[in-house]
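As stored in model-v5.txt (compact mmCIF, C-alpha atoms):
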# COMPACT_ATOMS: atom_id res chain seq x y z
CA MET A 16 -13.96 67.04 -29.31
CA ILE A 17 -15.84 70.28 -29.76
CA ALA A 18 -15.76 72.47 -32.83
CA LEU A 19 -15.15 76.21 -32.38
CA GLY A 20 -15.44 77.42 -35.97
CA TRP A 21 -14.29 77.21 -39.59
CA THR A 22 -11.11 78.73 -40.95
CA THR A 23 -8.76 78.86 -43.91
CA ALA A 24 -5.86 79.75 -41.61
CA ASN A 25 -2.76 77.67 -41.25
CA LYS A 26 -1.08 79.45 -38.36
CA ALA A 27 0.05 78.26 -34.95
CA LEU A 28 -2.87 77.81 -32.57
CA PRO A 29 -3.19 78.21 -28.80
CA ASP A 30 -2.19 75.05 -26.92
CA ASP A 31 -5.72 73.85 -26.22
CA VAL A 32 -6.97 74.18 -29.82
CA THR A 33 -6.17 72.13 -32.90
CA TYR A 34 -7.19 71.82 -36.55
CA HIS A 35 -9.50 69.12 -37.89
CA GLY A 36 -9.52 68.19 -41.57
CA ASP A 37 -7.11 69.03 -44.38
CA GLY A 38 -9.20 70.80 -46.99
CA GLU A 39 -9.27 74.46 -47.97
CA ILE A 40 -11.46 75.11 -44.95
CA ARG A 41 -10.65 73.39 -41.70
CA ILE A 42 -12.39 73.08 -38.39
CA LEU A 43 -10.96 74.68 -35.26
CA MET A 44 -11.61 72.42 -32.31
CA MET A 45 -10.82 72.21 -28.64
CA LYS A 46 -8.55 69.34 -27.63
CA GLN A 47 -10.50 68.86 -24.42
CA SER A 48 -13.63 66.85 -25.11
CA THR A 49 -15.54 66.94 -21.83
CA ASP A 50 -16.53 69.54 -19.24
CA VAL A 51 -16.22 72.43 -21.65
CA ASP A 52 -18.73 75.13 -20.83
CA ALA A 53 -19.82 77.87 -23.20
CA ARG A 54 -17.63 80.48 -21.54
CA SER A 55 -14.51 78.31 -21.92
CA LYS A 56 -15.31 77.92 -25.61
CA LEU A 57 -15.70 81.68 -25.96
CA GLN A 58 -12.34 82.20 -24.24
CA ALA A 59 -10.70 79.66 -26.57
CA GLN A 60 -12.23 81.41 -29.60
CA VAL A 61 -10.90 84.77 -28.41
CA ARG A 62 -7.43 83.27 -27.86
CA CYS A 63 -7.49 81.93 -31.44
CA PHE A 64 -8.63 85.27 -32.80
CA GLU A 65 -5.99 87.18 -30.87
CA ALA A 66 -3.39 84.72 -32.20
CA GLY A 67 -4.27 86.03 -35.66
CA ILE A 68 -6.63 83.27 -36.78
CA ASP A 69 -9.58 84.49 -38.88
CA PHE A 70 -12.55 82.18 -38.52
CA VAL A 71 -16.32 81.94 -38.52
CA PRO A 72 -17.26 81.19 -34.94
CA ILE A 73 -19.80 78.63 -33.79
CA ALA A 74 -22.02 80.03 -31.04
CA PRO A 75 -20.24 79.00 -27.82
CA SER A 76 -23.49 77.71 -26.34
CA GLN A 77 -23.73 75.14 -29.16
CA GLU A 78 -22.22 71.67 -28.90
CA ILE A 79 -21.16 70.79 -32.43
CA SER A 80 -18.72 67.97 -33.08
CA PRO A 81 -16.00 68.38 -35.75
CA VAL A 82 -17.79 65.78 -37.88
CA ALA A 83 -21.08 67.70 -37.65
CA ALA A 84 -19.17 70.91 -38.44
CA GLU A 85 -17.72 69.28 -41.58
CA GLN A 86 -21.18 68.14 -42.61
CA LEU A 87 -22.59 71.62 -42.05
CA LEU A 88 -19.83 73.04 -44.22
CA ALA A 89 -20.57 70.56 -47.01
CA GLU A 90 -24.32 71.11 -46.96
CA SER A 91 -24.53 74.86 -46.59
CA ASP A 92 -23.16 78.18 -47.82
CA LEU A 93 -20.65 78.41 -45.02
CA ARG A 94 -17.69 78.40 -47.39
CA ASP A 95 -18.73 81.79 -48.78
CA THR A 96 -19.10 83.12 -45.26
CA VAL A 97 -15.68 81.84 -44.22
CA ILE A 98 -14.07 83.46 -47.26
CA GLY A 99 -16.11 86.65 -46.85
CA LEU A 100 -15.19 87.11 -43.20
CA GLN A 101 -11.46 86.73 -43.68
CA GLU A 102 -9.56 89.64 -42.14
CA LYS A 103 -12.75 91.01 -40.59
CA ALA A 104 -13.41 91.74 -36.95
CA GLN A 105 -16.39 92.75 -34.89
CA LEU A 106 -16.56 95.73 -32.56
CA THR A 107 -19.39 95.79 -30.07
CA LEU A 108 -20.77 98.97 -28.59
CA VAL A 109 -22.83 99.04 -25.43
CA ILE A 110 -24.69 102.24 -24.76
CA ASP A 111 -26.43 102.90 -21.46
CA MET A 112 -29.05 105.62 -21.60
CA PRO A 113 -30.36 107.58 -18.63
CA ASP A 114 -33.72 106.49 -17.26
CA ARG A 115 -36.75 107.57 -19.23
CA PRO A 116 -38.69 110.31 -17.39
CA LYS A 117 -41.84 108.81 -15.92
CA VAL A 118 -44.85 110.24 -17.72
CA GLU A 119 -48.44 109.42 -16.92
CA SER A 120 -49.77 108.49 -20.35
CA PRO A 121 -53.47 109.09 -20.90
CA SER A 122 -53.81 106.25 -23.42
CA GLY A 123 -52.08 103.22 -24.84
CA ARG A 124 -51.41 105.10 -28.04
CA ALA A 125 -49.74 107.97 -26.18
CA TRP A 126 -47.67 105.46 -24.22
CA LEU A 127 -46.50 103.76 -27.44
CA LEU A 128 -45.70 107.12 -29.03
CA GLU A 129 -43.73 108.18 -26.01
CA ARG A 130 -41.71 104.96 -26.17
CA GLN A 131 -41.20 105.48 -29.88
CA LEU A 132 -39.78 108.93 -29.20
CA HIS A 133 -37.36 107.45 -26.69
CA LEU A 134 -36.36 104.82 -29.27
CA SER A 135 -35.73 107.42 -31.96
CA LYS A 136 -33.43 109.26 -29.56
CA LYS A 137 -31.49 106.04 -29.11
CA GLU A 138 -31.32 105.54 -32.86
CA GLN A 139 -30.03 109.07 -33.28
CA ILE A 140 -27.14 108.25 -30.97
CA VAL A 141 -26.30 105.16 -32.99
CA ARG A 142 -26.48 107.20 -36.20
CA GLN A 143 -24.02 109.67 -34.73
CA ILE A 144 -21.72 106.85 -33.80
CA SER A 145 -21.97 105.35 -37.27
CA GLU A 146 -21.12 108.72 -38.84
CA PHE A 147 -17.81 108.73 -37.04
CA ALA A 148 -17.03 105.29 -38.29
CA GLN A 149 -18.75 105.53 -41.67
CA ASP A 150 -15.68 105.25 -43.84
CA LEU A 151 -14.14 102.60 -41.68
CA THR A 152 -17.10 100.30 -41.10
CA LEU A 153 -18.28 97.61 -43.48
CA GLU A 154 -21.58 96.76 -41.85
CA PHE A 155 -23.70 97.40 -38.77
CA THR A 156 -26.13 95.02 -37.09
CA PRO A 157 -29.54 96.37 -36.16
CA LEU A 158 -29.77 97.91 -32.75
CA ARG A 159 -30.50 95.38 -30.02
CA GLN A 160 -31.90 96.77 -26.83
CA SER A 161 -33.22 96.07 -23.42
CA LYS A 162 -34.65 98.71 -21.10
CA ASN A 163 -32.03 101.49 -21.07
CA ARG A 164 -29.24 99.56 -22.66
CA MET A 165 -28.59 99.13 -26.34
CA GLN A 166 -25.99 97.31 -28.26
CA CYS A 167 -24.80 97.40 -31.82
CA ASN A 168 -22.08 95.54 -33.62
CA MET A 169 -19.83 96.76 -36.38
CA LEU A 170 -17.95 94.69 -38.90
CA VAL A 171 -14.60 96.28 -39.65
CA ALA A 172 -11.40 95.36 -41.43
CA ARG A 173 -9.38 93.68 -38.75
CA ARG A 174 -6.26 95.75 -39.40
CA ARG A 175 -8.30 98.94 -38.92
CA ALA A 176 -10.20 97.91 -35.79
CA HIS A 177 -8.17 100.09 -33.44
CA GLU A 178 -8.41 103.00 -35.87
CA VAL A 179 -12.22 102.71 -35.77
CA ILE A 180 -12.23 102.53 -31.98
CA ARG A 181 -10.11 105.68 -31.80
CA ALA A 182 -12.35 107.47 -34.33
CA ILE A 183 -15.50 106.70 -32.37
CA ALA A 184 -13.92 107.51 -29.03
CA LEU A 185 -12.53 110.83 -30.24
CA GLY A 186 -15.68 111.82 -32.10
CA LEU A 187 -18.06 111.08 -29.27
CA ARG A 188 -16.11 113.11 -26.79
CA HIS A 189 -17.13 116.23 -28.68
CA LEU A 190 -20.86 115.63 -28.94
CA PRO A 191 -22.53 117.98 -26.46
CA HIS A 192 -25.91 116.25 -26.10
CA LEU A 193 -24.71 112.85 -25.05
CA GLU A 194 -24.48 113.75 -21.37
CA GLU A 195 -25.51 110.97 -19.04
CA VAL A 196 -24.88 108.37 -21.75
CA LYS A 197 -22.37 105.68 -20.83
CA LEU A 198 -20.58 104.00 -23.66
CA ALA A 199 -18.40 100.90 -23.81
CA ILE A 200 -16.54 99.97 -26.98
CA THR A 201 -15.26 96.42 -26.91
CA GLY A 202 -13.27 94.27 -29.27
CA PRO A 203 -11.97 93.38 -31.70
CA TRP A 204 -13.98 90.13 -31.47
CA PRO A 205 -14.43 87.26 -33.89
CA PRO A 206 -17.42 88.19 -36.10
CA TYR A 207 -20.10 86.53 -33.95
CA ASP A 208 -22.95 88.68 -35.22
CA PHE A 209 -22.09 88.54 -38.92
CA THR A 210 -22.07 84.82 -39.58
CA THR A 211 -25.20 85.01 -41.72
CA SER A 212 -24.30 88.25 -43.46
CA LYS A 213 -24.19 88.41 -47.24
CA GLN A 214 -22.98 92.00 -47.46
CA PHE A 215 -19.27 91.60 -47.25
CA ALA A 216 -17.39 94.58 -48.64
CA MET B 11 -19.99 116.89 -19.06
CA PRO B 12 -18.10 114.49 -21.37
CA VAL B 13 -19.46 111.11 -22.36
CA GLU B 14 -18.44 108.38 -19.94
CA MET B 15 -16.55 105.96 -22.14
CA GLN B 16 -14.91 102.62 -21.53
CA LEU B 17 -12.66 100.85 -24.02
CA ALA B 18 -11.94 97.16 -23.54
CA SER B 19 -10.28 94.51 -25.66
CA ALA B 20 -12.00 91.12 -25.99
CA THR B 21 -9.76 89.62 -23.31
CA GLU B 22 -10.30 92.55 -20.95
CA THR B 23 -14.06 92.22 -21.49
CA LEU B 24 -13.94 88.51 -20.67
CA GLU B 25 -12.05 89.22 -17.46
CA SER B 26 -14.15 92.20 -16.39
CA SER B 27 -16.63 92.13 -13.53
CA ASP B 28 -18.39 95.28 -14.77
CA SER B 29 -22.05 94.28 -15.08
CA ARG B 30 -22.58 95.61 -18.58
CA LEU B 31 -19.49 93.82 -19.91
CA VAL B 32 -20.57 90.65 -18.13
CA ASP B 33 -23.97 91.01 -19.83
CA LEU B 34 -22.26 91.53 -23.17
CA VAL B 35 -20.22 88.34 -22.75
CA ASP B 36 -23.34 86.40 -21.72
CA GLY B 37 -25.04 87.67 -24.87
CA LEU B 38 -22.17 86.55 -27.09
CA LEU B 39 -22.52 82.94 -25.93
CA ASP B 40 -25.55 82.50 -28.17
CA HIS B 41 -24.10 84.31 -31.17
CA GLY B 42 -22.14 82.86 -34.05
CA VAL B 43 -23.25 79.98 -36.21
CA ALA B 44 -26.12 78.29 -34.40
CA ILE B 45 -28.51 75.55 -35.28
CA ARG B 46 -31.19 77.22 -33.26
CA GLY B 47 -32.29 80.83 -33.58
CA GLU B 48 -34.62 83.24 -31.82
CA LEU B 49 -36.76 86.05 -33.11
CA TRP B 50 -38.55 88.78 -31.21
CA LEU B 51 -41.28 90.74 -32.92
CA SER B 52 -41.64 94.21 -31.42
CA VAL B 53 -43.70 97.32 -31.99
CA ALA B 54 -42.41 100.65 -30.75
CA ASP B 55 -39.82 98.99 -28.54
CA VAL B 56 -42.41 96.69 -26.96
CA ASP B 57 -41.68 92.97 -27.33
CA LEU B 58 -44.86 91.25 -28.47
CA VAL B 59 -44.04 87.86 -29.93
CA PHE B 60 -41.17 85.44 -29.40
CA LEU B 61 -40.38 82.75 -31.96
CA GLY B 62 -37.91 79.94 -31.45
CA LEU B 63 -36.57 78.86 -34.83
CA ASP B 64 -34.70 75.80 -35.97
CA VAL B 65 -32.39 77.11 -38.64
CA VAL B 66 -30.80 75.28 -41.52
CA LEU B 67 -27.96 77.18 -43.14
CA ALA B 68 -28.53 76.63 -46.85
CA THR B 69 -29.77 78.46 -49.90
CA PRO B 70 -33.18 77.39 -51.25
CA ASP B 71 -31.69 75.60 -54.27
CA ARG B 72 -29.48 73.50 -52.02
CA MET B 73 -32.54 72.61 -49.97
CA ARG B 74 -34.31 71.14 -53.02
CA PRO B 75 -33.69 67.46 -53.53
CA ALA B 76 -31.74 66.57 -56.66
CA GLY B 77 -34.03 66.38 -59.69
CA ALA B 78 -36.85 68.31 -58.07
CA LEU B 79 -38.77 70.83 -60.18
CA GLN B 80 -37.65 74.45 -59.78
If you took the structure in this file and wrote it as structure tokens, what would it be?
Amino acid sequence: MIALGWTTANKALPDDVTYHGDGEIRILMMKQSTDVDARSKLQAQVRCFEAGIDFVPIAPSQEISPVAAEQLLAESDLRDTVIGLQEKAQLTLVIDMPDRPKVESPSGRAWLLERQLHLSKKEQIVRQISEFAQDLTLEFTPLRQSKNRMQCNMLVARRRAHEVIRAIALGLRHLPHLEEVKLAITGPWPPYDFTTSKQFA
Amino acid sequence: MPVEMQLASATETLESSDSRLVDLVDGLLDHGVAIRGELWLSVADVDLVFLGLDVVLATPDRMRPAGALQ
């Protein structure tokens, strides 16, 4: 069987998932033991989360048996993480920027500076987003980016996730200089990007 | 012109064929508790160095064998 994460929950689970262990913290695991790809594990984790189960997710690409998951729990600080992430959810923002204007840079330094300027514009957008959600957000991950796309993740109280989404959506509609930016707000997700965080509010 | 904005629940994101949501889902597959980690070192948005890391989730004192000097 394949472990999906660690939880203190004791609620009804989706049909294809069961509990392993009987301690304070138990392992969520898939009943199916073979032919489980990473995407199926992710879907099972989302089903658990949407069924109201708070848990610390194992990366879906990882194959960790329930026994190995128990061992990891015993030999690490995971307990604190499981307790700290109770009633927390992750929102993920994807921001697509317009293409950078092509500038012939006279030197490597000028090229780096020009890229830095573009990056600071991106960071400004994220700052604006965080201002809308400041009072509602517990933690942000650093900006992750590729070419014209950037992504950031917010840890929020699960019960306020939709409130945060509304606050960001409403606030951003009124910012005049975000033309050409495309934004996707997704979630609530299990807290995939906060499993090593120590800053739980 | 207003910001183009898309809101999607986790399930809607998983079922979407929109390329950026598909990319997001692909990215999530490697997130969560992992035994293996990756680190990119960048300067001014330019990726310079990639490190593959084997990660052990433990505090330093738990890593020390019992009886070892602090």
Region 180-191 of chain A surroundings by all atoms listed in the file, 12 Å radius, close-in-sequence under 4 positions cut, as a compact mmCIF listing (two decimals) with C-alpha atoms, in the frame of the given file:
# COMPACT_ATOMS: atom_id res chain seq x y z
CA ALA A 104 -13.41 91.74 -36.95
CA GLN A 105 -16.39 92.75 -34.89
CA LEU A 106 -16.56 95.73 -32.56
CA THR A 107 -19.39 95.79 -30.07
CA LEU A 108 -20.77 98.97 -28.59
CA ILE A 110 -24.69 102.24 -24.76
CA ILE A 140 -27.14 108.25 -30.97
CA VAL A 141 -26.30 105.16 -32.99
CA ARG A 142 -26.48 107.20 -36.20
CA GLN A 143 -24.02 109.67 -34.73
CA ILE A 144 -21.72 106.85 -33.80
CA SER A 145 -21.97 105.35 -37.27
CA GLU A 146 -21.12 108.72 -38.84
CA PHE A 147 -17.81 108.73 -37.04
CA ALA A 148 -17.03 105.29 -38.29
CA GLN A 149 -18.75 105.53 -41.67
CA ASP A 150 -15.68 105.25 -43.84
CA LEU A 151 -14.14 102.60 -41.68
CA THR A 152 -17.10 100.30 -41.10
CA MET A 169 -19.83 96.76 -36.38
CA LEU A 170 -17.95 94.69 -38.90
CA VAL A 171 -14.60 96.28 -39.65
CA ALA A 172 -11.40 95.36 -41.43
CA ARG A 173 -9.38 93.68 -38.75
CA ARG A 174 -6.26 95.75 -39.40
CA ARG A 175 -8.30 98.94 -38.92
CA ALA A 176 -10.20 97.91 -35.79
CA GLU A 195 -25.51 110.97 -19.04
CA VAL A 196 -24.88 108.37 -21.75
CA LYS A 197 -22.37 105.68 -20.83
CA LEU A 198 -20.58 104.00 -23.66
CA ALA A 199 -18.40 100.90 -23.81
CA ILE A 200 -16.54 99.97 -26.98
CA THR A 201 -15.26 96.42 -26.91
CA GLY A 202 -13.27 94.27 -29.27
CA PRO A 203 -11.97 93.38 -31.70
CA MET B 11 -19.99 116.89 -19.06
CA PRO B 12 -18.10 114.49 -21.37
CA VAL B 13 -19.46 111.11 -22.36
CA GLU B 14 -18.44 108.38 -19.94
CA MET B 15 -16.55 105.96 -22.14
CA GLN B 16 -14.91 102.62 -21.53
CA LEU B 17 -12.66 100.85 -24.02
CA ALA B 18 -11.94 97.16 -23.54
CA SER B 19 -10.28 94.51 -25.66
Separation of CA of Ser52 (chain B) from CA of Leu134 (chain A) in Å =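 CA of Ser52 (chain B) lies 12.0 Å from CA of Leu134 (chain A).
The two atoms in question, CA of Phe64 (chain A) and CA of Glu102 (chain A), are spaced 10.4 Å apart.
Shortest separation to Val43 (chain B) among A:Asn163, A:Ser76, A:Thr49, A:Ser122 occurs at residue A:Ser76, atoms counted being all atoms listed in the file.
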Item to complete: Compare A:Ala125, A:Ile73, A:Leu87, A:Leu153 by their minimum atom-to-atom distance to chain B, counting only C-alpha atoms, and give me the closest one.
Response: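 Nearest to chain B: A:Ile73.
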**OP:** Tell me, as a ChimeraX atom specification, which residues lie within 9 Å of Tyr34 (chain A), counting all atoms listed in the file; anything in the same chain fewer than 5 positions away does not count.
**Re:** /A:25,28,41-45
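Comparing B:Asp57, B:Glu22, B:Gly42, B:Ser29 by their smallest distance to chain A, the closest is B:Gly42 (using only C-alpha atoms).
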Report, in Å with one decimal, the straight-line distance from CA of Arg159 (chain A) to CA of Glu138 (chain A).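 CA of Arg159 (chain A) sits 10.6 Å away from CA of Glu138 (chain A).
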Checklist line | All residues 9 Å or closer to region 35-39 of chain A, only C-alpha atoms, same chain fewer than 5 positions away omitted, as a list in words | finding: Ala18, Thr22, Thr23, Ala24, Met44, Pro81, Val82 and Glu85 of chain A
Min atom-atom distance to Thr21 (chain B) from the set A:Ser135, A:Gln60, A:Thr33, A:Asn168, counting only C-alpha atoms, belongs to A:Gln60
Pick the closest to chain A from B:Val53, B:Leu34, B:Ala20, B:Leu61: which is it, counting only C-alpha atoms?
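When distances to chain A are compared using only C-alpha atoms, the smallest one comes from B:Ala20.
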- Item | Nearest candidate to Leu19 (chain A) (options B:Leu24, B:Leu31, B:Leu39, B:Leu58; using all atoms listed in the file) |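 Between B:Leu24, B:Leu31, B:Leu39, B:Leu58, the residue approaching Leu19 (chain A) most closely is B:Leu39.
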